[in-house]
$ cat my_file36.pdb   # PDB, C-alpha atoms, pLDDT in the B column
ATOM      1  CA  MET A   1     -96.039 -40.418  14.843  1.00 65.00           C
ATOM      2  CA  GLY A   2     -96.563 -37.200  16.876  1.00 75.00           C
ATOM      3  CA  ALA A   3     -95.234 -36.412  20.321  1.00 82.00           C
ATOM      4  CA  LYS A   4     -98.568 -37.166  22.012  1.00 84.00           C
ATOM      5  CA  ASP A   5     -98.784 -40.554  20.253  1.00 88.00           C
ATOM      6  CA  VAL A   6     -95.260 -41.469  21.402  1.00 89.00           C
ATOM      7  CA  ARG A   7     -96.097 -40.532  24.993  1.00 90.00           C
ATOM      8  CA  ASP A   8     -99.309 -42.562  24.947  1.00 91.00           C
ATOM      9  CA  LYS A   9     -97.426 -45.528  23.470  1.00 92.00           C
ATOM     10  CA  ILE A  10     -94.783 -45.286  26.248  1.00 92.00           C
ATOM     11  CA  VAL A  11     -97.520 -45.343  28.912  1.00 93.00           C
ATOM     12  CA  ASP A  12     -99.288 -48.297  27.225  1.00 93.00           C
ATOM     13  CA  LEU A  13     -96.041 -50.295  27.095  1.00 93.00           C
ATOM     14  CA  HIS A  14     -95.360 -49.451  30.752  1.00 93.00           C
ATOM     15  CA  LYS A  15     -98.853 -50.678  31.695  1.00 93.00           C
ATOM     16  CA  ALA A  16     -98.070 -53.888  29.795  1.00 94.00           C
ATOM     17  CA  GLY A  17     -95.170 -54.462  32.196  1.00 93.00           C
ATOM     18  CA  LEU A  18     -92.151 -53.475  30.103  1.00 92.00           C
ATOM     19  CA  GLY A  19     -89.199 -51.681  31.710  1.00 91.00           C
ATOM     20  CA  TYR A  20     -87.723 -48.295  30.850  1.00 90.00           C
ATOM     21  CA  LYS A  21     -84.818 -49.731  28.829  1.00 91.00           C
ATOM     22  CA  THR A  22     -87.020 -52.019  26.768  1.00 92.00           C
ATOM     23  CA  ILE A  23     -89.485 -49.228  25.987  1.00 92.00           C
ATOM     24  CA  GLY A  24     -86.615 -46.904  25.066  1.00 90.00           C
ATOM     25  CA  LYS A  25     -85.122 -49.452  22.656  1.00 90.00           C
ATOM     26  CA  GLN A  26     -88.474 -50.187  21.023  1.00 90.00           C
ATOM     27  CA  LEU A  27     -89.408 -46.542  20.409  1.00 88.00           C
ATOM     28  CA  GLY A  28     -85.940 -45.012  20.056  1.00 86.00           C
ATOM     29  CA  GLU A  29     -86.579 -42.662  23.000  1.00 80.00           C
ATOM     30  CA  LYS A  30     -83.987 -43.323  25.692  1.00 78.00           C
ATOM     31  CA  VAL A  31     -83.877 -40.265  27.904  1.00 80.00           C
ATOM     32  CA  THR A  32     -87.510 -39.167  28.135  1.00 86.00           C
ATOM     33  CA  VAL A  33     -89.154 -42.517  28.930  1.00 91.00           C
ATOM     34  CA  GLY A  34     -88.655 -42.236  32.701  1.00 90.00           C
ATOM     35  CA  ALA A  35     -89.798 -38.628  32.825  1.00 90.00           C
ATOM     36  CA  ILE A  36     -92.952 -39.364  30.814  1.00 91.00           C
ATOM     37  CA  ILE A  37     -93.876 -42.329  33.022  1.00 92.00           C
ATOM     38  CA  ARG A  38     -93.255 -40.355  36.238  1.00 91.00           C
ATOM     39  CA  LYS A  39     -95.447 -37.525  34.944  1.00 90.00           C
ATOM     40  CA  TRP A  40     -98.198 -40.006  34.039  1.00 92.00           C
ATOM     41  CA  LYS A  41     -98.032 -41.629  37.509  1.00 92.00           C
ATOM     42  CA  LYS A  42     -98.264 -38.253  39.238  1.00 90.00           C
ATOM     43  CA  HIS A  43    -100.776 -36.326  37.070  1.00 88.00           C
ATOM     44  CA  LYS A  44    -102.443 -39.118  35.025  1.00 89.00           C
ATOM     45  CA  VAL A  45    -101.830 -37.114  31.823  1.00 89.00           C
ATOM     46  CA  THR A  46     -99.169 -37.281  29.128  1.00 86.00           C
ATOM     47  CA  VAL A  47     -99.705 -33.852  27.564  1.00 86.00           C
ATOM     48  CA  SER A  48     -97.508 -30.903  28.525  1.00 83.00           C
ATOM     49  CA  LEU A  49     -98.810 -29.147  31.621  1.00 81.00           C
ATOM     50  CA  PRO A  50     -99.224 -25.367  31.727  1.00 83.00           C
ATOM     51  CA  ARG A  51     -96.171 -23.587  33.036  1.00 82.00           C
ATOM     52  CA  SER A  52     -96.014 -22.194  36.523  1.00 82.00           C
ATOM     53  CA  GLY A  53     -95.902 -18.467  37.096  1.00 86.00           C
ATOM     54  CA  ALA A  54     -97.054 -15.518  35.086  1.00 86.00           C
ATOM     55  CA  PRO A  55     -95.601 -14.638  31.687  1.00 86.00           C
ATOM     56  CA  CYS A  56     -92.938 -11.922  31.555  1.00 86.00           C
ATOM     57  CA  LYS A  57     -94.310  -8.390  31.326  1.00 87.00           C
ATOM     58  CA  ILE A  58     -91.233  -7.119  29.482  1.00 89.00           C
ATOM     59  CA  SER A  59     -90.215  -8.538  26.113  1.00 89.00           C
ATOM     60  CA  PRO A  60     -86.553  -9.367  25.410  1.00 90.00           C
ATOM     61  CA  ARG A  61     -86.425  -6.215  23.299  1.00 90.00           C
ATOM     62  CA  GLY A  62     -87.708  -4.165  26.255  1.00 90.00           C
ATOM     63  CA  VAL A  63     -85.040  -5.710  28.480  1.00 92.00           C
ATOM     64  CA  SER A  64     -82.333  -4.700  26.009  1.00 93.00           C
ATOM     65  CA  VAL A  65     -83.767  -1.157  25.920  1.00 91.00           C
ATOM     66  CA  ILE A  66     -83.595  -0.980  29.719  1.00 92.00           C
ATOM     67  CA  MET A  67     -80.036  -2.325  29.808  1.00 92.00           C
ATOM     68  CA  ARG A  68     -78.893   0.096  27.081  1.00 93.00           C
ATOM     69  CA  THR A  69     -80.459   3.037  28.925  1.00 92.00           C
ATOM     70  CA  VAL A  70     -78.825   2.075  32.211  1.00 90.00           C
ATOM     71  CA  ARG A  71     -75.458   1.516  30.519  1.00 90.00           C
ATOM     72  CA  ASN A  72     -75.570   4.937  28.832  1.00 92.00           C
ATOM     73  CA  HIS A  73     -77.095   6.796  31.807  1.00 89.00           C
ATOM     74  CA  PRO A  74     -76.152   5.004  35.068  1.00 84.00           C
ATOM     75  CA  ARG A  75     -77.991   7.513  37.270  1.00 83.00           C
ATOM     76  CA  THR A  76     -81.377   6.746  35.673  1.00 87.00           C
ATOM     77  CA  THR A  77     -84.006   5.832  38.257  1.00 87.00           C
ATOM     78  CA  GLN A  78     -86.298   2.820  38.091  1.00 89.00           C
ATOM     79  CA  GLU A  79     -89.269   5.148  37.869  1.00 91.00           C
ATOM     80  CA  ASP A  80     -87.805   6.871  34.784  1.00 91.00           C
ATOM     81  CA  LEU A  81     -87.256   3.481  33.141  1.00 91.00           C
ATOM     82  CA  ALA A  82     -90.834   2.435  33.921  1.00 92.00           C
ATOM     83  CA  ASN A  83     -92.205   5.714  32.512  1.00 92.00           C
ATOM     84  CA  ASP A  84     -90.158   5.295  29.309  1.00 90.00           C
ATOM     85  CA  LEU A  85     -91.566   1.804  28.765  1.00 89.00           C
ATOM     86  CA  LYS A  86     -95.102   2.973  29.612  1.00 89.00           C
ATOM     87  CA  ALA A  87     -94.764   5.628  26.921  1.00 90.00           C
ATOM     88  CA  ALA A  88     -93.768   2.863  24.494  1.00 86.00           C
ATOM     89  CA  GLY A  89     -96.956   0.930  25.335  1.00 86.00           C
ATOM     90  CA  ASN A  90     -95.887  -1.567  28.037  1.00 85.00           C
ATOM     91  CA  LYS A  91     -97.797  -1.610  31.318  1.00 86.00           C
ATOM     92  CA  ILE A  92     -95.060  -2.137  33.894  1.00 90.00           C
ATOM     93  CA  THR A  93     -94.240  -0.822  37.340  1.00 90.00           C
ATOM     94  CA  LYS A  94     -91.111   0.447  39.038  1.00 91.00           C
ATOM     95  CA  LYS A  95     -90.813  -2.893  40.833  1.00 92.00           C
ATOM     96  CA  THR A  96     -90.838  -4.789  37.522  1.00 91.00           C
ATOM     97  CA  THR A  97     -87.950  -2.715  36.170  1.00 91.00           C
ATOM     98  CA  GLY A  98     -86.003  -3.343  39.380  1.00 90.00           C
ATOM     99  CA  ASN A  99     -86.585  -7.095  39.097  1.00 92.00           C
ATOM    100  CA  THR A 100     -85.461  -7.014  35.461  1.00 92.00           C
ATOM    101  CA  LEU A 101     -82.259  -5.150  36.330  1.00 91.00           C
ATOM    102  CA  ARG A 102     -81.535  -7.603  39.145  1.00 91.00           C
ATOM    103  CA  ARG A 103     -82.125 -10.558  36.807  1.00 91.00           C
ATOM    104  CA  GLU A 104     -79.652  -9.020  34.341  1.00 90.00           C
ATOM    105  CA  GLY A 105     -76.980  -8.719  37.057  1.00 89.00           C
ATOM    106  CA  LEU A 106     -77.322  -5.092  38.143  1.00 86.00           C
ATOM    107  CA  LYS A 107     -77.955  -4.206  41.754  1.00 78.00           C
ATOM    108  CA  PHE A 108     -80.156  -1.360  42.922  1.00 69.00           C
ATOM    109  CA  CYS A 109     -78.349   1.475  44.677  1.00 68.00           C
ATOM    110  CA  SER A 110     -79.890   4.589  46.144  1.00 66.00           C
ATOM    111  CA  THR A 111     -78.251   7.852  45.180  1.00 63.00           C
ATOM    112  CA  ARG A 112     -75.878   9.576  47.581  1.00 65.00           C
ATOM    113  CA  LYS A 113     -77.698  12.094  49.730  1.00 69.00           C
ATOM    114  CA  VAL A 114     -74.771  13.157  51.929  1.00 69.00           C
ATOM    115  CA  PRO A 115     -71.953  15.140  50.307  1.00 68.00           C
ATOM    116  CA  LEU A 116     -68.656  13.296  50.035  1.00 74.00           C
ATOM    117  CA  LEU A 117     -66.677  15.924  51.971  1.00 77.00           C
ATOM    118  CA  LYS A 118     -68.138  16.555  55.395  1.00 80.00           C
ATOM    119  CA  LYS A 119     -67.379  19.707  57.376  1.00 84.00           C
ATOM    120  CA  ALA A 120     -65.066  17.735  59.649  1.00 86.00           C
ATOM    121  CA  TYR A 121     -62.917  16.676  56.672  1.00 84.00           C
ATOM    122  CA  VAL A 122     -62.741  20.209  55.279  1.00 84.00           C
ATOM    123  CA  LEU A 123     -61.771  21.610  58.680  1.00 87.00           C
ATOM    124  CA  ALA A 124     -59.138  18.895  59.061  1.00 86.00           C
ATOM    125  CA  CYS A 125     -57.549  19.960  55.767  1.00 82.00           C
ATOM    126  CA  LEU A 126     -57.638  23.642  56.748  1.00 86.00           C
ATOM    127  CA  LYS A 127     -56.259  23.061  60.247  1.00 87.00           C
ATOM    128  CA  PRO A 128     -52.527  23.151  59.271  1.00 80.00           C
ATOM    129  CA  ALA A 129     -53.083  26.304  57.196  1.00 80.00           C
ATOM    130  CA  ASN A 130     -54.934  28.030  60.038  1.00 85.00           C
ATOM    131  CA  GLU A 131     -52.142  27.150  62.474  1.00 84.00           C
ATOM    132  CA  HIS A 132     -49.575  28.956  60.286  1.00 80.00           C
ATOM    133  CA  LEU A 133     -51.833  31.860  59.343  1.00 83.00           C
ATOM    134  CA  ASN A 134     -49.879  34.475  61.327  1.00 86.00           C
ATOM    135  CA  ASP A 135     -46.382  33.184  60.459  1.00 84.00           C
ATOM    136  CA  SER A 136     -43.836  35.608  59.047  1.00 84.00           C
ATOM    137  CA  GLU A 137     -42.601  35.544  55.454  1.00 82.00           C
ATOM    138  CA  GLU A 138     -39.309  33.966  56.581  1.00 84.00           C
ATOM    139  CA  ASN A 139     -41.168  30.915  57.886  1.00 80.00           C
ATOM    140  CA  TRP A 140     -43.268  30.632  54.699  1.00 73.00           C
ATOM    141  CA  VAL A 141     -40.083  30.381  52.615  1.00 76.00           C
ATOM    142  CA  LYS A 142     -39.208  27.192  54.522  1.00 76.00           C
ATOM    143  CA  VAL A 143     -42.545  25.521  53.702  1.00 70.00           C
ATOM    144  CA  LEU A 144     -42.469  22.802  51.024  1.00 67.00           C
ATOM    145  CA  TRP A 145     -45.346  23.252  48.593  1.00 64.00           C
ATOM    146  CA  SER A 146     -47.098  20.393  46.850  1.00 60.00           C
ATOM    147  CA  VAL A 147     -49.294  20.509  43.772  1.00 52.00           C
ATOM    148  CA  GLU A 148     -51.513  17.674  44.992  1.00 56.00           C
ATOM    149  CA  THR A 149     -53.554  17.524  48.150  1.00 55.00           C
ATOM    150  CA  LYS A 150     -54.393  14.061  49.400  1.00 60.00           C
ATOM    151  CA  ILE A 151     -57.585  13.758  51.417  1.00 55.00           C
ATOM    152  CA  LYS A 152     -57.761  10.452  53.242  1.00 59.00           C
ATOM    153  CA  LEU A 153     -61.400   9.622  53.901  1.00 51.00           C
ATOM    154  CA  PHE A 154     -61.570   5.848  53.826  1.00 54.00           C
ATOM    155  CA  GLY A 155     -59.329   2.852  54.369  1.00 54.00           C
ATOM    156  CA  ILE A 156     -56.401   2.089  56.649  1.00 57.00           C
ATOM    157  CA  ASN A 157     -54.628   5.391  55.978  1.00 56.00           C
ATOM    158  CA  SER A 158     -57.562   7.405  57.291  1.00 55.00           C
ATOM    159  CA  LEU A 159     -57.161   6.130  60.857  1.00 48.00           C
ATOM    160  CA  CYS A 160     -55.596   8.497  63.400  1.00 49.00           C
ATOM    161  CA  LEU A 161     -52.436   6.859  64.703  1.00 48.00           C
ATOM    162  CA  GLU A 162     -51.375   9.562  67.182  1.00 47.00           C
ATOM    163  CA  GLU A 163     -53.620  11.732  69.268  1.00 45.00           C
ATOM    164  CA  GLU A 164     -52.023  14.933  67.964  1.00 48.00           C
ATOM    165  CA  GLU A 165     -52.818  13.974  64.358  1.00 50.00           C
ATOM    166  CA  CYS A 166     -56.408  12.992  65.066  1.00 49.00           C
ATOM    167  CA  CYS A 167     -58.654  15.813  63.976  1.00 49.00           C
ATOM    168  CA  LEU A 168     -62.133  14.305  63.959  1.00 48.00           C
TER     169      LEU A 168
END
$ encode --input "my_file36.pdb" --output "structure tokens"
Amino acid sequence: MGAKDVRDKIVDLHKAGLGYKTIGKQLGEKVTVGAIIRKWKKHKVTVSLPRSGAPCKISPRGVSVIMRTVRNHPRTTQEDLANDLKAAGNKITKKTTGNTLRREGLKFCSTRKVPLLKKAYVLACLKPANEHLNDSEENWVKVLWSVETKIKLFGINSLCLEEEECCL
């Protein structure tokens, strides 16, 4: 007995007045009886309905290609990804690649346009050196030199606590 025959039989037994449990015991289908009857009441058909939405433009293999490319080259743009797949024969847009990346758990970020060190930060680091520019050699001997320079741009430590220290 095929799937369509079983569904039709379930509907016929329901029309005859039998309950879900009785139909399930008779046909050996316990879980799907209610769903089949509800579908029949709503749509008056027992066959599988066409799915909602359009089919995916990118195959699972294409998705893995996109993910591999992004993993190996994180600064790749969506447009580059779309052009690569177009060259391979898929007709997709930049938006489609973005949706695919989002579905796979990656978020879209625009590239940084402003340099990390602004002029104010550079001047703040040079301020102590400029203050001691005309000091004598005796004073320079007293200065403790450090190999590392710590630039505090973000976070709690970047806040100016005293007005004299604040340089921005």
$ resolve_selection --input "my_file36.pdb" --expression "the PyMOL selection byres ((chain A and resi 66) around 9)" --output "VMD selection string"
chain A and resid 61 to 65 67 to 71 81 85 97 100 to 101
$ resolve_selection --input "my_file36.pdb" --expression "the PyMOL selection byres ((chain A and resi 34) around 10)" --output "ChimeraX atom specification"
/A:10,19-21,23-24,29-33,35-40
$ closest_residue --input "my_file36.pdb" --among "A:Ala16, A:Lys42, A:Leu116, A:Asn90" --to "Ser59 (chain A)" --atoms "all atoms listed in the file"
A:Asn90
$ axis_aligned_box --input "my_file36.pdb" --around "region 43-54 of chain A" --padding-each-side "5 Å" --output "lines of an AutoDock Vina configuration file"
center_x = -99.2
center_y = -27.3
center_z = 32.3
size_x = 16.5
size_y = 33.6
size_z = 19.5
$ atom_distance --input "my_file36.pdb" --atom1 "CA of Ala3 (chain A)" --atom2 "CA of Val47 (chain A)"
8.9 Å
$ atom_distance --input "my_file36.pdb" --atom1 "CA of Lys41 (chain A)" --atom2 "CA of Asp12 (chain A)"
12.3 Å
$ atom_distance --input "my_file36.pdb" --atom1 "CA of Pro50 (chain A)" --atom2 "CA of Lys9 (chain A)"
21.9 Å
$ closest_residue --input "my_file36.pdb" --among "A:Val141, A:Leu27, A:Thr76, A:Ala54" --to "Asp8 (chain A)" --atoms "all atoms listed in the file"
A:Leu27
